[in-house]
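**Student:** Next comes my_file_39.txt, compact mmCIF, C-alpha atoms:
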# COMPACT_ATOMS: atom_id res chain seq x y z
CA MET A 9 4.14 24.00 -5.27
CA PHE A 10 6.59 23.59 -8.13
CA LYS A 11 5.97 20.38 -10.04
CA ILE A 12 8.67 18.31 -11.71
CA LYS A 13 7.65 16.09 -14.62
CA LEU A 14 8.23 12.39 -14.32
CA SER A 15 10.31 12.47 -17.51
CA SER A 16 12.58 15.12 -15.95
CA LYS A 17 12.83 13.09 -12.76
CA LEU A 18 13.74 10.01 -14.75
CA ALA A 19 16.45 11.96 -16.58
CA LEU A 20 17.83 13.28 -13.27
CA CYS A 21 17.72 9.79 -11.80
CA THR A 22 19.60 8.41 -14.83
CA LEU A 23 22.24 11.11 -14.49
CA SER A 24 22.52 10.52 -10.73
CA ALA A 25 22.80 6.78 -11.25
CA PHE A 26 25.56 7.34 -13.84
CA LEU A 27 27.48 9.64 -11.48
CA ILE A 28 27.15 7.24 -8.54
CA ALA A 29 28.25 4.31 -10.70
CA SER A 30 31.18 6.36 -12.05
CA VAL A 31 32.33 7.25 -8.54
CA ALA A 32 32.14 3.57 -7.57
CA PHE A 33 34.08 2.63 -10.72
CA LEU A 34 36.86 5.16 -10.07
CA ALA A 35 37.12 4.27 -6.39
CA ILE A 36 37.42 0.52 -7.02
CA HIS A 37 39.80 1.14 -9.94
CA LYS A 38 42.05 3.31 -7.78
CA VAL A 39 42.09 0.73 -4.99
CA GLY A 40 42.90 -1.97 -7.56
CA GLU A 41 45.76 0.04 -9.03
CA LEU A 42 47.26 0.64 -5.60
CA TRP A 43 46.95 -3.07 -4.78
CA ILE A 44 48.63 -4.11 -8.08
CA GLU A 45 51.40 -1.57 -7.60
CA ASP A 46 52.04 -2.83 -4.09
CA LYS A 47 52.11 -6.49 -5.16
CA PHE A 48 54.35 -6.11 -8.19
CA SER A 49 56.82 -3.89 -6.39
CA ASP A 50 57.65 -6.99 -4.35
CA PRO A 51 60.28 -9.13 -6.22
CA ALA A 52 59.21 -12.21 -4.27
CA PHE A 53 55.66 -11.89 -5.63
CA VAL A 54 56.95 -11.54 -9.21
CA GLU A 55 59.19 -14.55 -8.72
CA ARG A 56 56.25 -16.60 -7.46
CA GLN A 57 54.35 -15.75 -10.62
CA GLN A 58 57.28 -17.04 -12.71
CA ASP A 59 57.47 -20.22 -10.60
CA LEU A 60 53.79 -20.83 -11.27
CA GLU A 61 54.31 -20.44 -15.01
CA ILE A 62 57.17 -23.00 -15.06
CA GLN A 63 55.18 -25.43 -12.90
CA ASN A 64 52.28 -25.16 -15.30
CA LEU A 65 54.55 -25.76 -18.31
CA GLN A 66 56.25 -28.75 -16.66
CA GLU A 67 52.86 -30.33 -15.90
CA HIS A 68 51.83 -29.69 -19.47
CA ILE A 69 54.99 -31.43 -20.78
CA ASP A 70 54.66 -34.37 -18.39
CA ASN A 71 51.07 -34.96 -19.40
CA SER A 72 51.84 -34.84 -23.16
CA LYS A 73 55.34 -36.41 -23.13
CA VAL A 74 56.70 -34.20 -25.90
CA SER A 75 60.20 -33.61 -27.25
CA ALA A 76 62.25 -30.52 -26.56
CA LEU A 77 62.18 -29.88 -30.34
CA ASP A 78 58.40 -29.85 -30.52
CA TYR A 79 58.23 -26.10 -30.95
CA HIS A 80 54.60 -26.14 -32.06
CA PHE A 81 53.61 -27.67 -28.75
CA ILE A 82 55.66 -25.11 -26.81
CA SER A 83 54.27 -22.22 -28.89
CA GLY A 84 50.74 -23.46 -28.26
CA TRP A 85 51.34 -23.33 -24.52
CA VAL A 86 52.81 -19.83 -24.74
CA GLU A 87 49.81 -18.60 -26.75
CA GLY A 88 47.51 -20.17 -24.18
CA ARG A 89 49.26 -18.23 -21.42
CA GLU A 90 48.72 -15.07 -23.43
CA LEU A 91 51.39 -12.53 -22.33
CA THR A 92 54.06 -14.95 -21.10
CA THR A 93 57.40 -15.18 -23.04
CA LEU A 94 59.67 -18.24 -22.90
CA CYS A 95 63.30 -18.97 -23.86
CA LEU A 96 64.80 -22.50 -23.82
CA TYR A 97 68.55 -23.19 -23.67
CA TYR A 98 70.32 -26.47 -24.28
CA GLY A 99 73.77 -25.97 -22.87
CA SER A 100 75.01 -22.75 -24.45
CA HIS A 101 72.57 -22.90 -27.39
CA LEU A 102 69.27 -20.99 -27.54
CA ILE A 103 66.93 -23.59 -28.99
CA TYR A 104 63.63 -21.73 -28.57
CA ASP A 105 62.50 -18.14 -28.20
CA SER A 106 58.74 -17.50 -28.18
CA THR A 107 59.35 -14.18 -29.93
CA ILE A 108 61.11 -15.90 -32.87
CA SER A 109 59.82 -18.60 -35.23
CA TYR A 110 61.83 -21.90 -35.24
CA ARG A 111 61.80 -25.08 -37.26
CA ALA A 112 62.32 -28.40 -35.60
CA GLY A 113 65.92 -29.64 -35.92
CA ASN A 114 68.52 -31.02 -33.54
CA LEU A 115 69.35 -29.67 -30.11
CA SER A 116 72.71 -28.20 -31.24
CA SER A 117 71.25 -26.15 -34.06
CA GLY A 118 70.35 -23.12 -31.93
CA ARG A 119 72.26 -19.88 -31.64
CA LEU A 120 75.18 -19.71 -29.29
CA THR A 121 73.97 -17.62 -26.40
CA SER A 122 73.15 -17.97 -22.72
CA PRO A 123 70.76 -16.39 -20.21
CA LEU A 124 71.62 -12.96 -18.88
CA PRO A 125 73.16 -12.88 -15.41
CA TRP A 126 70.12 -11.30 -13.68
CA GLN A 127 67.64 -13.71 -15.25
CA LYS A 128 66.47 -16.61 -13.11
CA THR A 129 66.72 -20.00 -14.83
CA TYR A 130 64.61 -23.09 -14.32
CA PRO A 131 65.34 -26.73 -15.25
CA LEU A 132 62.73 -28.10 -17.65
CA ARG A 133 62.52 -31.84 -18.38
CA PHE A 134 61.35 -33.16 -21.74
CA TYR A 135 61.23 -36.89 -22.45
CA ASP A 136 64.38 -36.65 -24.60
CA ALA A 137 66.39 -33.93 -22.86
CA GLU A 138 66.58 -31.52 -19.97
CA VAL A 139 66.85 -27.84 -20.89
CA THR A 140 67.15 -24.54 -19.11
CA ALA A 141 64.18 -22.21 -19.26
CA VAL A 142 63.87 -18.47 -18.74
CA VAL A 143 60.32 -17.20 -18.41
CA SER A 144 59.06 -13.64 -18.40
CA THR A 145 55.53 -13.30 -17.07
CA PHE A 146 53.31 -10.30 -17.65
CA ALA A 147 50.92 -11.18 -14.85
CA ARG A 148 50.61 -7.49 -14.03
CA HIS A 149 48.58 -7.01 -17.20
CA ARG A 150 46.32 -9.90 -16.25
CA TYR A 151 45.60 -8.33 -12.88
CA VAL A 152 44.96 -4.98 -14.54
CA ASP A 153 42.46 -6.64 -16.90
CA ARG A 154 40.73 -8.36 -13.99
CA VAL A 155 40.49 -5.12 -12.03
CA ASN A 156 39.06 -3.36 -15.09
CA LEU A 157 36.49 -6.12 -15.55
CA LEU A 158 35.53 -5.92 -11.86
CA CYS A 159 35.20 -2.14 -12.06
CA LEU A 160 32.97 -2.33 -15.14
CA THR A 161 30.80 -4.94 -13.45
CA ILE A 162 30.43 -2.76 -10.36
CA PHE A 163 29.65 0.26 -12.57
CA PHE A 164 26.76 -1.47 -14.37
CA VAL A 165 25.40 -3.16 -11.22
CA THR A 166 25.44 0.16 -9.31
CA PHE A 167 23.77 1.95 -12.21
CA LEU A 168 21.03 -0.69 -12.53
CA LEU A 169 20.38 -0.90 -8.76
CA THR A 170 20.06 2.88 -8.50
CA MET A 171 17.59 2.99 -11.39
CA LEU A 172 15.62 0.04 -10.02
CA TYR A 173 15.42 1.70 -6.61
CA TYR A 174 13.86 4.83 -8.12
CA VAL A 175 11.48 2.90 -10.39
CA ARG A 176 10.46 0.56 -7.54
CA ARG A 177 9.54 3.53 -5.32
CA LYS A 178 7.27 4.90 -8.04
CA VAL A 179 5.70 1.49 -8.75
CA VAL A 180 5.01 0.91 -5.04
CA TYR A 181 3.40 4.36 -4.83
CA ILE A 182 1.26 3.64 -7.90
CA HIS A 183 0.04 0.35 -6.36
CA HIS A 184 -0.71 2.18 -3.11
CA LEU A 185 -2.74 4.82 -4.96
CA ALA A 186 -4.62 2.10 -6.83
CA ASP A 187 -5.58 0.40 -3.55
CA GLU A 188 -6.77 3.70 -2.04
CA ILE A 189 -8.81 4.55 -5.14
CA LYS A 190 -10.44 1.10 -4.98
CA ASN A 191 -11.27 1.88 -1.36
CA ILE A 192 -13.04 5.07 -2.47
CA GLU A 193 -14.77 3.13 -5.24
CA SER A 194 -16.26 0.81 -2.62
CA GLY A 195 -17.82 3.84 -0.89
CA ASN A 196 -15.35 4.45 1.94
CA LEU A 197 -14.80 8.19 1.50
CA ASN A 198 -13.45 8.65 5.02
CA PHE A 199 -9.94 7.48 4.13
CA PRO A 200 -7.53 10.12 2.72
CA ILE A 201 -5.37 9.63 -0.36
CA THR A 202 -1.62 9.57 0.29
CA VAL A 203 0.19 12.47 -1.42
CA LYS A 204 3.95 11.96 -1.87
CA GLY A 205 6.41 13.86 -4.03
CA ASN A 206 5.87 16.74 -6.44
CA ASP A 207 5.26 15.18 -9.85
CA GLU A 208 2.28 14.07 -11.94
CA LEU A 209 1.51 11.19 -9.55
CA SER A 210 1.31 13.47 -6.51
CA SER A 211 -0.82 15.90 -8.55
CA LEU A 212 -3.16 13.03 -9.43
CA ALA A 213 -3.36 12.03 -5.76
CA GLN A 214 -4.20 15.62 -4.77
CA ASP A 215 -6.94 15.81 -7.42
CA VAL A 216 -8.46 12.52 -6.24
CA ASN A 217 -8.30 13.76 -2.64
CA LYS A 218 -10.07 16.99 -3.63
CA MET A 219 -12.71 14.96 -5.46
CA ARG A 220 -13.15 12.78 -2.35
CA HIS A 221 -13.58 15.85 -0.12
CA SER A 222 -16.02 17.41 -2.58
CA LEU A 223 -18.10 14.25 -2.87
CA LEU A 224 -18.09 13.70 0.88
CA GLY A 225 -19.08 17.32 1.46
CA GLN A 226 -21.95 17.01 -1.01
CA ILE A 227 -23.17 13.83 0.66
CA ILE A 228 -23.00 15.41 4.11
CA ARG A 229 -24.79 18.54 2.93
CA PHE A 230 -27.44 16.33 1.38
CA GLN A 231 -27.86 14.42 4.64
CA LYS A 232 -28.17 17.65 6.61
CA ALA A 233 -30.65 19.05 4.08
CA ARG A 234 -32.68 15.87 4.31
CA LYS A 235 -32.66 16.05 8.08
CA ASP A 236 -33.75 19.68 7.91
CA ARG A 237 -36.53 18.67 5.55
CA ASP A 238 -37.75 15.98 7.91
CA GLN A 239 -37.66 18.38 10.85
CA PHE A 240 -39.47 20.98 8.78
CA ALA A 241 -42.15 18.43 7.93
CA VAL A 242 -42.60 17.58 11.62
CA HIS A 243 -42.91 21.22 12.65
CA MET A 244 -45.18 21.99 9.73
CA SER A 245 -47.46 19.08 10.62
CA HIS A 246 -47.75 20.45 14.14
CA ASP A 247 -48.42 23.96 12.84
CA LEU A 248 -51.09 22.65 10.46
CA ARG A 249 -52.80 20.54 13.11
CA THR A 250 -53.38 23.51 15.44
CA PRO A 251 -55.41 25.70 13.02
CA VAL A 252 -57.24 22.65 11.65
CA THR A 253 -58.39 21.74 15.17
CA SER A 254 -59.58 25.28 15.77
CA LEU A 255 -61.32 25.43 12.37
CA ILE A 256 -63.15 22.18 13.01
CA GLY A 257 -64.24 23.47 16.44
CA TYR A 258 -65.63 26.75 15.08
CA LEU A 259 -67.46 25.03 12.22
CA ASP A 260 -68.85 22.43 14.61
CA ILE A 261 -70.29 25.15 16.84
CA VAL A 262 -71.87 26.89 13.87
CA ASN A 263 -73.12 23.63 12.36
CA GLN A 264 -74.70 22.49 15.63
CA LYS A 265 -76.40 25.89 15.93
CA ARG A 266 -75.07 26.43 19.40
CA CYS A 267 -74.56 30.16 18.85
CA PRO A 268 -76.84 32.27 21.07
CA ASN A 269 -77.25 34.98 18.41
CA LYS A 270 -76.37 35.93 14.86
CA GLU A 271 -73.53 38.22 15.90
CA ILE A 272 -71.62 35.46 17.69
CA ARG A 273 -72.24 33.07 14.78
CA GLU A 274 -70.70 35.57 12.36
CA GLN A 275 -67.82 36.03 14.73
CA TYR A 276 -67.15 32.26 14.70
CA LEU A 277 -67.46 32.21 10.91
CA TYR A 278 -64.93 35.03 10.68
CA LYS A 279 -62.51 33.15 12.95
CA ALA A 280 -63.03 30.01 10.86
CA GLU A 281 -62.15 32.05 7.76
CA GLU A 282 -58.98 33.31 9.49
CA LYS A 283 -57.91 29.76 10.28
CA ALA A 284 -58.61 28.68 6.69
CA ILE A 285 -56.43 31.55 5.40
CA GLN A 286 -53.74 30.53 7.89
CA LEU A 287 -53.91 26.96 6.60
CA LYS A 288 -53.63 28.21 3.03
CA THR A 289 -50.52 30.27 3.93
CA LEU A 290 -48.90 27.37 5.73
CA SER A 291 -49.59 24.98 2.86
CA GLU A 292 -48.13 27.45 0.35
CA ASN A 293 -45.00 27.84 2.48
CA MET A 294 -44.64 24.09 2.71
CA PHE A 295 -45.16 23.69 -1.04
CA ASN A 296 -42.52 26.32 -1.82
CA HIS A 297 -40.07 24.74 0.56
CA PHE A 298 -40.35 21.28 -0.98
CA LEU A 299 -40.43 22.64 -4.52
CA THR A 300 -37.16 24.53 -4.13
CA SER A 301 -35.39 21.61 -2.44
CA MET A 302 -36.88 18.80 -4.48
CA ASP A 303 -33.70 18.19 -6.50
CA GLU A 304 -31.69 17.77 -3.31
CA PHE A 305 -33.49 14.57 -2.39
CA LYS A 306 -33.14 12.60 -5.62
CA SER A 307 -29.78 11.06 -4.68
CA GLU A 308 -29.57 7.72 -2.98
CA ASP A 309 -29.13 7.59 0.77
CA VAL A 310 -25.43 7.07 1.64
CA PHE A 311 -24.35 7.99 5.16
CA CYS A 312 -26.14 7.55 8.50
CA ASP A 313 -26.51 9.93 11.41
CA SER A 314 -27.10 9.28 15.09
CA SER A 315 -30.89 9.56 14.73
CA ILE A 316 -30.95 6.70 12.19
CA ILE A 317 -28.88 4.56 14.55
CA ASP A 318 -31.36 5.29 17.36
CA LEU A 319 -34.23 4.42 15.03
CA PHE A 320 -32.71 1.03 14.10
CA ILE A 321 -32.06 0.25 17.78
CA ASP A 322 -35.65 1.18 18.70
CA ASP A 323 -37.03 -1.04 15.92
CA GLY A 324 -34.92 -3.94 17.17
CA LEU A 325 -36.02 -3.41 20.77
CA VAL A 326 -39.68 -3.47 19.71
CA LEU A 327 -39.02 -6.75 17.92
CA LEU A 328 -37.37 -8.27 21.01
CA GLU A 329 -40.07 -7.07 23.41
CA SER A 330 -42.78 -8.46 21.13
CA HIS A 331 -41.14 -11.86 21.72
CA LEU A 332 -41.25 -11.33 25.50
CA PHE A 333 -37.58 -10.37 25.90
CA GLN A 334 -36.67 -7.84 28.58
CA CYS A 335 -34.33 -5.09 27.42
CA SER A 336 -32.25 -2.49 29.22
CA VAL A 337 -31.10 0.45 27.10
CA SER A 338 -28.41 3.04 27.83
CA ARG A 339 -27.72 5.77 25.31
CA ASP A 340 -26.43 9.35 25.04
CA GLU A 341 -28.56 12.30 24.07
CA GLY A 342 -26.66 14.91 22.08
CA GLU A 343 -26.37 16.84 18.86
CA LEU A 344 -26.76 15.20 15.48
CA THR A 345 -23.61 13.33 14.41
CA PHE A 346 -22.80 11.79 11.04
CA PHE A 347 -20.99 8.48 10.55
CA SER A 348 -19.17 7.02 7.54
CA ILE A 349 -21.39 3.99 7.01
CA ARG A 350 -24.13 3.28 4.53
CA LYS A 351 -27.68 3.14 5.79
CA ALA A 352 -28.31 -0.12 3.94
CA SER A 353 -25.19 -1.66 5.49
CA LEU A 354 -26.18 -0.50 8.98
CA GLN A 355 -29.68 -1.93 8.49
CA ARG A 356 -28.17 -5.32 7.58
CA ILE A 357 -25.83 -5.16 10.58
CA PHE A 358 -28.65 -4.55 13.07
CA ASP A 359 -30.90 -7.11 11.37
CA ASN A 360 -28.21 -9.78 11.84
CA ILE A 361 -27.53 -8.81 15.46
CA PHE A 362 -31.18 -8.73 16.55
CA SER A 363 -31.84 -11.96 14.63
CA ASN A 364 -29.01 -13.60 16.61
CA LEU A 365 -30.48 -12.29 19.86
CA LEU A 366 -33.89 -13.78 19.00
CA LYS A 367 -32.31 -17.17 18.22
CA TYR A 368 -29.70 -17.55 20.93
CA ALA A 369 -30.46 -15.14 23.81
CA ASP A 370 -32.03 -16.51 27.00
CA PRO A 371 -35.43 -14.77 27.61
CA ALA A 372 -35.00 -15.31 31.35
CA PHE A 373 -32.29 -12.65 31.48
CA VAL A 374 -32.29 -8.99 30.52
CA ILE A 375 -30.64 -8.05 27.21
CA GLU A 376 -28.41 -5.03 27.80
CA VAL A 377 -28.02 -2.53 24.95
CA SER A 378 -25.78 0.54 25.15
CA CYS A 379 -25.04 3.25 22.59
CA HIS A 380 -22.47 5.89 23.51
CA LYS A 381 -20.63 8.58 21.57
CA LEU A 382 -16.85 8.41 22.02
CA GLU A 383 -14.26 10.92 20.81
CA ASP A 384 -14.30 10.00 17.13
CA ARG A 385 -16.69 7.06 16.88
CA MET A 386 -19.91 5.53 18.12
CA GLU A 387 -19.76 2.47 20.39
CA ILE A 388 -22.78 0.14 20.35
CA SER A 389 -22.81 -2.89 22.65
CA PHE A 390 -25.21 -5.84 23.02
CA GLY A 391 -24.93 -8.19 26.00
CA ASN A 392 -27.00 -11.28 26.76
CA HIS A 393 -26.99 -14.76 28.32
CA ILE A 394 -26.82 -17.68 25.91
CA ARG A 395 -29.93 -19.84 25.83
CA GLN A 396 -29.45 -23.31 27.30
CA GLU A 397 -31.51 -26.25 26.03
CA LYS A 398 -31.88 -29.71 27.55
CA THR A 399 -29.40 -31.09 25.03
CA GLY A 400 -26.89 -28.32 25.74
CA ALA A 401 -26.10 -24.92 24.35
CA VAL A 402 -27.78 -23.76 21.17
CA SER A 403 -25.36 -24.27 18.26
CA SER A 404 -24.54 -21.41 15.93
CA ALA A 405 -22.77 -21.38 12.59
CA GLY A 406 -21.73 -17.77 13.18
CA ILE A 407 -22.63 -16.72 9.63
CA GLY A 408 -24.58 -13.68 10.83
CA LEU A 409 -21.71 -12.33 12.91
CA LYS A 410 -19.25 -13.00 10.09
CA SER A 411 -21.48 -10.91 7.83
CA VAL A 412 -21.60 -8.18 10.49
CA ASP A 413 -17.81 -8.21 10.81
CA GLU A 414 -17.34 -7.99 7.04
CA LEU A 415 -19.84 -5.13 6.67
CA ILE A 416 -18.48 -3.08 9.57
CA ARG A 417 -14.86 -3.48 8.41
CA ARG A 418 -15.79 -2.57 4.84
CA ASN A 419 -17.19 0.71 6.17
CA GLY A 420 -14.15 1.55 8.29
CA GLY A 421 -15.40 0.24 11.65
CA CYS A 422 -14.64 -2.85 13.72
CA LEU A 423 -16.40 -5.60 15.66
CA ARG A 424 -15.40 -7.39 18.86
CA ILE A 425 -16.99 -10.59 20.16
CA ASP A 426 -16.56 -11.66 23.81
CA LYS A 427 -17.87 -15.04 24.95
CA ARG A 428 -17.28 -16.37 28.45
CA ASP A 429 -19.24 -19.33 29.82
CA ASP A 430 -22.88 -18.46 29.10
CA LEU A 431 -22.31 -14.71 28.66
CA PHE A 432 -22.11 -13.19 25.20
CA GLN A 433 -21.25 -9.60 24.26
CA CYS A 434 -21.03 -7.99 20.82
CA THR A 435 -19.48 -4.50 20.47
CA LEU A 436 -19.49 -2.32 17.34
CA TRP A 437 -17.39 0.77 16.65
CA ILE A 438 -18.57 3.04 13.81
CA PRO A 439 -16.17 5.88 12.76
CA GLU A 440 -17.47 9.43 12.78
CA ILE A 441 -17.02 11.76 9.84
CA PRO A 442 -14.48 14.47 10.86
CA ASN A 443 -15.97 17.87 11.70
CA ALA A 444 -13.57 19.52 9.25
CA LEU A 445 -15.47 17.87 6.40
CA LEU A 446 -18.83 19.19 7.66
CA ARG A 447 -17.85 22.80 7.09
Would it be possible to restate this file's structure as structure tokens?

**Tutor:**
Amino acid sequence: MFKIKLSSKLALCTLSAFLIASVAFLAIHKVGELWIEDKFSDPAFVERQQDLEIQNLQEHIDNSKVSALDYHFISGWVEGRELTTLCLYYGSHLIYDSTISYRAGNLSSGRLTSPLPWQKTYPLRFYDAEVTAVVSTFARHRYVDRVNLLCLTIFFVTFLLTMLYYVRRKVVYIHHLADEIKNIESGNLNFPITVKGNDELSSLAQDVNKMRHSLLGQIIRFQKARKDRDQFAVHMSHDLRTPVTSLIGYLDIVNQKRCPNKEIREQYLYKAEEKAIQLKTLSENMFNHFLTSMDEFKSEDVFCDSSIIDLFIDDGLVLLESHLFQCSVSRDEGELTFFSIRKASLQRIFDNIFSNLLKYADPAFVIEVSCHKLEDRMEISFGNHIRQEKTGAVSSAGIGLKSVDELIRRNGGCLRIDKRDDLFQCTLWIPEIPNALLR
């Protein structure tokens, strides 16, 4: 599959984020322009803006109580309103124009002029006179500036959110990979690594997954080889015992001088020699077998099979019966199956369970043990009656079962405890290693 570098993806994401933010900017800007055009095409709206300017100026004058000739004060207000222009008339004299510089004088020193017919005039009261004001507001430019500021804000926010979304997805995936790798580190090789995307991270996940499959396959092959070795040893022991028994019998007959004649004695000696040669051949075969496979058995035991589970159950049953407990066992007989749990962990699990049975089970009742193979896991169940003492039920801190629950969960299984009245049942589920990994 074609791989894209993370740096290339980041560049594409940056470009995509810029394009998305630009589209948002242009869309909002266009909507703002249409809104401004609609508002300022309405004379009533423009007139309201002028009314607001005059109201603001009148409040400013009332609060400061200034003279109509205080042009510095009036100029300061105009500058504060930015794009607003103001003309003041006293009678037929223009006493102030914000576009022209004036010196303070008397009210009749202005130019002879009057407002234009289409200009709306407003009365403006100073503490020493009342004048006529004509204001021109450029509020349209203010709204344009605000729309531009809003569009720029939306542009940068959209750009940052798009980039953060991409980066967050990658960071979440990295954390997820880290958790899965820690799971493998703890020995749980039965859980696959999540592969997402087509960049260096997905390539890393695929490599780790391949390593997990390879390691799991090696472990399973080792377990099968070890099982084959054990079975070979059992068969070889049987094959060795048969000629040894015959050899001892022939030699015993010759040694006890129970042969009727020399010919029969030689015949027994010849047969004894044949059995000795057979023993030599068998021992050489056994030596060659173990010599060639010696390196396969140097690794530490990791996973259990169904025979080891049966062995642990049998050991526990012997322990219970030696303490006069009665046990009823139900189990399946089938082909060898491998499970994703450590032998040491399984040994601790059964030790805790059988220890609990010794402490808290009532010997007057039968302990029921069942071990059955389900579709993809092994189900092992222990049922018993809780021992009752004169002072009441035997108390338990539950530490053993907590340890069992922690061990079984750490190895991918689960534990269920059912307790009703004086009945107690503990059920384990151990996951099976998929057949695909055994090939």

**Student:** Leaving out A:Lys73 and any residue of its chain fewer than 6 positions from it, which residues lie within 12 Å of it when counting only C-alpha atoms, given as a ChimeraX atom specification?

**Tutor:** /A:65-67,81-82,133-137

**Student:** Suppose you want the space between atom CA of A:Ser16 and atom CA of A:Thr202; what is it in Å?

**Tutor:**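 Separating atom CA of A:Ser16 from atom CA of A:Thr202 is a distance of 22.3 Å.
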
**Student:** Given all atoms listed in the file as the basis, pick out the residue of A:Cys434, A:Ile357, A:Ile394, A:Val326 nearest to A:Gly408.

**Tutor:**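 Comparing A:Cys434, A:Ile357, A:Ile394, A:Val326 against A:Gly408, the winner is A:Ile357.
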
**Student:** So which one's closest to A:Ser389, A:Arg424, A:Thr435, A:Ser106, A:Phe358? Using all atoms listed in the file, please.

**Tutor:**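 Closest to A:Ser389, using all atoms listed in the file: A:Thr435.
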
**Student:** I need every residue sitting at most 9 Å from the point (30.7, 2.6, -11.3) (coordinates as in the file, all atoms listed in the file considered), written as a PDB file with C-alpha atoms, in the coordinates of the input.

**Tutor:**
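Output saved as selection_10.pdb:
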ATOM      1  CA  ALA A  25      22.800   6.780 -11.250  1.00  0.00           C
ATOM      2  CA  PHE A  26      25.560   7.340 -13.840  1.00  0.00           C
ATOM      3  CA  LEU A  27      27.480   9.640 -11.480  1.00  0.00           C
ATOM      4  CA  ILE A  28      27.150   7.240  -8.540  1.00  0.00           C
ATOM      5  CA  ALA A  29      28.250   4.310 -10.700  1.00  0.00           C
ATOM      6  CA  SER A  30      31.180   6.360 -12.050  1.00  0.00           C
ATOM      7  CA  VAL A  31      32.330   7.250  -8.540  1.00  0.00           C
ATOM      8  CA  ALA A  32      32.140   3.570  -7.570  1.00  0.00           C
ATOM      9  CA  PHE A  33      34.080   2.630 -10.720  1.00  0.00           C
ATOM     10  CA  LEU A  34      36.860   5.160 -10.070  1.00  0.00           C
ATOM     11  CA  ALA A  35      37.120   4.270  -6.390  1.00  0.00           C
ATOM     12  CA  ILE A  36      37.420   0.520  -7.020  1.00  0.00           C
ATOM     13  CA  CYS A 159      35.200  -2.140 -12.060  1.00  0.00           C
ATOM     14  CA  LEU A 160      32.970  -2.330 -15.140  1.00  0.00           C
ATOM     15  CA  THR A 161      30.800  -4.940 -13.450  1.00  0.00           C
ATOM     16  CA  ILE A 162      30.430  -2.760 -10.360  1.00  0.00           C
ATOM     17  CA  PHE A 163      29.650   0.260 -12.570  1.00  0.00           C
ATOM     18  CA  PHE A 164      26.760  -1.470 -14.370  1.00  0.00           C
ATOM     19  CA  VAL A 165      25.400  -3.160 -11.220  1.00  0.00           C
ATOM     20  CA  THR A 166      25.440   0.160  -9.310  1.00  0.00           C
ATOM     21  CA  PHE A 167      23.770   1.950 -12.210  1.00  0.00           C
TER      22      PHE A 167
END

**Student:** Taking only residues of stretch 72-103 of chain A that have an atom at most 12 Å from an atom of stretch 45-58 of chain A, what is each one's shortest atom pair and its distance in Å to one decimal, using only C-alpha atoms, in chain and number order, as a tab-separated table?

**Tutor:**
residue	atom	partner	partner_atom	distance
A:Arg89	CA	A:Gln58	CA	11.9
A:Thr92	CA	A:Gln58	CA	9.2
A:Thr93	CA	A:Gln58	CA	10.5
A:Leu94	CA	A:Gln58	CA	10.5

**Student:** When you look at A:Asp322 with a cut-off of 12 Å (counting only C-alpha atoms), what residues show up, excluding the ones that are within fewer than 5 positions of it in the same chain? I need them as a PDB file with C-alpha atoms, in the frame of the given file.

**Tutor:**
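Wrote selection_24.pdb, looks like this:
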ATOM      1  CA  SER A 315     -30.890   9.560  14.730  1.00  0.00           C
ATOM      2  CA  ILE A 316     -30.950   6.700  12.190  1.00  0.00           C
ATOM      3  CA  ILE A 317     -28.880   4.560  14.550  1.00  0.00           C
ATOM      4  CA  LEU A 327     -39.020  -6.750  17.920  1.00  0.00           C
ATOM      5  CA  LEU A 328     -37.370  -8.270  21.010  1.00  0.00           C
ATOM      6  CA  GLU A 329     -40.070  -7.070  23.410  1.00  0.00           C
ATOM      7  CA  CYS A 335     -34.330  -5.090  27.420  1.00  0.00           C
ATOM      8  CA  SER A 336     -32.250  -2.490  29.220  1.00  0.00           C
ATOM      9  CA  VAL A 337     -31.100   0.450  27.100  1.00  0.00           C
ATOM     10  CA  SER A 338     -28.410   3.040  27.830  1.00  0.00           C
ATOM     11  CA  ARG A 339     -27.720   5.770  25.310  1.00  0.00           C
ATOM     12  CA  PHE A 358     -28.650  -4.550  13.070  1.00  0.00           C
ATOM     13  CA  PHE A 362     -31.180  -8.730  16.550  1.00  0.00           C
ATOM     14  CA  VAL A 377     -28.020  -2.530  24.950  1.00  0.00           C
ATOM     15  CA  SER A 378     -25.780   0.540  25.150  1.00  0.00           C
ATOM     16  CA  CYS A 379     -25.040   3.250  22.590  1.00  0.00           C
TER      17      CYS A 379
END

**Student:** Record the distance separating atom CA of A:Asn64 and atom CA of A:Trp43, expressed in Å with one decimal.

**Tutor:** 25.0 Å

**Student:** To one decimal place, how far is atom CA of A:Trp437 from atom CA of A:Glu387 in Å?

**Tutor:**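 Separation between atom CA of A:Trp437 and atom CA of A:Glu387: 4.7 Å.
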
**Student:** Please determine, counting all atoms listed in the file, which residue among A:Val143, A:Leu259, A:Ile416, A:Leu158 has the shortest atom-to-atom distance to A:Phe347.

**Tutor:**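 For A:Phe347, the nearest of the candidates is A:Ile416.
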
**Student:** Have a look at A:Gly205, A:Phe320, A:Ile192, A:Ser222 and name the one nearest to A:Arg177; count all atoms listed in the file.

**Tutor:** A:Gly205

**Student:** Kindly compute an axis-aligned box around the listed atoms of stretch 27-42 of chain A, allowing 8 Å on each side, and express its centre and edge lengths in Å to one decimal as lines of an AutoDock Vina configuration file.

**Tutor:**
center_x = 37.2
center_y = 3.8
center_z = -8.5
size_x = 36.1
size_y = 27.6
size_z = 23.1

**Student:** Would you mind listing what lies within 12 Å of A:Pro439 as number ranges by chain, with all atoms listed in the file counted and same-chain residues fewer than 6 positions away left out?

**Tutor:** A: 196-199, 311-314, 345-350, 381-388, 416-423
